[in-house]
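**Student:** Below is one structure. I have some questions about it.
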Amino acid sequence: MEKLVHGSAQDGTVRVMAAITTEVTREAVRRHQTSPTVSAALGRVLTGTLLLGASLKEFDRLTVKIECDGPVGGIVGEADKHGTVRGYVKNPAPELPVKENGKFDVGGVVGDGMFYVIRESGFDVGLHREPYVGSVPIVSGEIAEDFAYYLARSEQIPSAVLLGVLLQNTEPYVAAAGGVMIQMMPGANEHIITMIEDTIRHAPHITSVINEGAAPEDLIKLALGVIDFEILGEREVKFECNCSFERAVSLIGSLGNAEVESMLKEDKGASMTCGFCNETYNLTEENLQNILDS
Ligand code: ZN
């Protein structure tokens, strides 16, 4: 089981979140068959979405949506408050040469555009309130910087965000993934902020420590250095979609009898693929006849 932890330091003026998301990213990559650079981009978005969700008190669904003009075309991550995440990219295949520093050119596949955060709540009480939507322009497309910029600009929370995906040439392709987010709340000590920035600047890459078996708490230590912190909670994280055969049937049923009859007569069946997880549901002639009969 992979987990996400959240906690605080400095009497609650510093909030910390960290997660290992190797399995989450593997599942996303397996489902969407993404190129290496797009895998890194998608893994970072899913991890950042989970971490951002852990810092929010009240929401049912949190969506991070990147609309961009780079070859990936767009990236979406969607998390609930229990640690479940799903997501997709518009174009899974594009690839760019690695950068001079040996890193994937995530900023290159993303390009310019907008970074949206959509927070929906009220589902539990049967009351769907107007969603909260925040947006900022993409700053680098490297994802972690974009999350930090969003927090600073839209939520007035200065933050340090580290997100990483380490890939390998053989299956399951994702060797390690995870991230850490440090948020400075009002009243945070300036000296502490400088110390944290300095610690992060000199810290090893998070993916190499995750690859060596680090837990989320180790990622927080890596970012905070000698500063003490307290863990306040943890949750399991997983890539999971809420689509199902039943939902596919009800969606096709909602198209109306004329449409279903034509699927039955002309196509002798119907197939639907979920955009979020790439699962395909095939409906037989009998399934379609049942929809018409009901
Ligand atoms: Zn799905």
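Chain labels follow the order of the structure tokens: the first chain is A, the next B, and so on; residue numbering restarts at 1 in every chain, and ligands are counted from 1 in their shown order.
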Counting only C-alpha atoms and all ligand atoms, what residues are within 8 Å of ligand 1, given as a count of residues only?

**Tutor:** 12

**Student:** Taking the backbone alone, and naming residues the way the document does, which bits of stretch 62-186 of chain A are strand (DSSP E) by DSSP, as a VMD selection string?

**Tutor:** chain A and resid 62 to 68 74 to 79 84 to 89 113 to 120 132 to 137 159 to 167 174 to 184

**Student:** Residues of stretch 114-190 of chain A in alpha helix (DSSP H) according to DSSP, as a short mmCIF file (atom, residue, chain, number, x, y, z; two decimals) with N, CA and C atoms, in the first residue's frame?

**Tutor:**
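Output file result_22.cif follows:
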```
data_model
loop_
_atom_site.label_atom_id
_atom_site.label_comp_id
_atom_site.auth_asym_id
_atom_site.auth_seq_id
_atom_site.Cartn_x
_atom_site.Cartn_y
_atom_site.Cartn_z
N ALA A 144 5.66 20.99 -11.03
CA ALA A 144 5.86 21.36 -9.62
C ALA A 144 5.87 22.88 -9.46
N GLU A 145 6.58 23.55 -10.34
CA GLU A 145 6.62 25.03 -10.31
C GLU A 145 5.25 25.61 -10.55
N ASP A 146 4.46 24.93 -11.38
CA ASP A 146 3.13 25.43 -11.69
C ASP A 146 2.20 25.31 -10.48
N PHE A 147 2.33 24.18 -9.74
CA PHE A 147 1.55 24.05 -8.50
C PHE A 147 1.96 25.14 -7.51
N ALA A 148 3.27 25.39 -7.37
CA ALA A 148 3.75 26.40 -6.42
C ALA A 148 3.26 27.79 -6.82
N TYR A 149 3.30 28.06 -8.11
CA TYR A 149 2.86 29.37 -8.60
C TYR A 149 1.36 29.55 -8.35
N TYR A 150 0.61 28.47 -8.60
CA TYR A 150 -0.83 28.52 -8.35
C TYR A 150 -1.11 28.84 -6.87
N LEU A 151 -0.43 28.11 -5.97
CA LEU A 151 -0.66 28.32 -4.53
C LEU A 151 -0.32 29.74 -4.11
N ALA A 152 0.80 30.26 -4.63
CA ALA A 152 1.22 31.60 -4.26
C ALA A 152 0.27 32.66 -4.80
N ARG A 153 -0.07 32.54 -6.07
CA ARG A 153 -0.87 33.57 -6.73
C ARG A 153 -2.36 33.49 -6.39
N SER A 154 -2.90 32.25 -6.45
CA SER A 154 -4.35 32.13 -6.33
C SER A 154 -4.82 31.92 -4.89
N GLU A 190 10.09 34.15 8.71
CA GLU A 190 10.90 34.40 7.50
C GLU A 190 12.19 33.59 7.49
#
```

**Student:** Show me, as a ChimeraX atom specification, the residues that have an atom within 9 Å of A:Glu197 when counting only C-alpha atoms, minus same-chain residues fewer than 5 positions from it.

**Tutor:** /A:160,192,202,223-224

**Student:** Residues within 12 Å of A:Glu120, please, as a ChimeraX atom specification. Count only C-alpha atoms; anything in the same chain fewer than 5 positions from it doesn't count.

**Tutor:** /A:53,56-64,78-81,127-134

**Student:** Neighbouring residues of stretch 88-93 of chain A were defined as those with any atom within 8 Å, considering only C-alpha atoms; residues of the same chain fewer than 6 positions away were excluded. Please report them as a PyMOL selection string.

**Tutor:** chain A and resi 28+32-35+38+42+71-77+275-277

**Student:** To one decimal in Å, tell me the separation between atom CA of A:Ser55 and atom CA of A:Cys68.

**Tutor:** 25.6 Å

**Student:** So which one's closest to A:Thr207, A:Leu4, A:Ile20, A:Val117, A:Leu288? Using only C-alpha atoms, please.

**Tutor:**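 Nearest candidate to A:Thr207 out of A:Leu4, A:Ile20, A:Val117, A:Leu288: A:Ile20.
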
**Student:** Residues within 8 Å of A:Val109, please, as a list of chain:residue names. Count only C-alpha atoms; anything in the same chain fewer than 3 positions from it doesn't count.

**Tutor:** A:Thr37, A:Val38, A:Gly70, A:Pro71, A:Val72, A:Pro94, A:Glu95, A:Leu96, A:Asp105, A:Val106

**Student:** Could you check the closest approach to A:Thr21 for each of A:Val5, A:Val237, A:Met263, A:Met184 and tell me which residue wins, using only C-alpha atoms?

**Tutor:**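 Nearest candidate to A:Thr21 out of A:Val5, A:Val237, A:Met263, A:Met184: A:Val237.
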
**Student:** Show which residues sit within 12 Å of A:Leu222, as a VMD selection string. Count only C-alpha atoms, and ignore same-chain residues fewer than 6 positions away.

**Tutor:** chain A and resid 16 18 162 179 to 182 196 to 210 214 to 216 228 to 229

**Student:** Quote the spacing between atom CA of A:Thr49 and atom CA of A:Glu212 in Å to one decimal place.

**Tutor:**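 It comes out at 23.9 Å.
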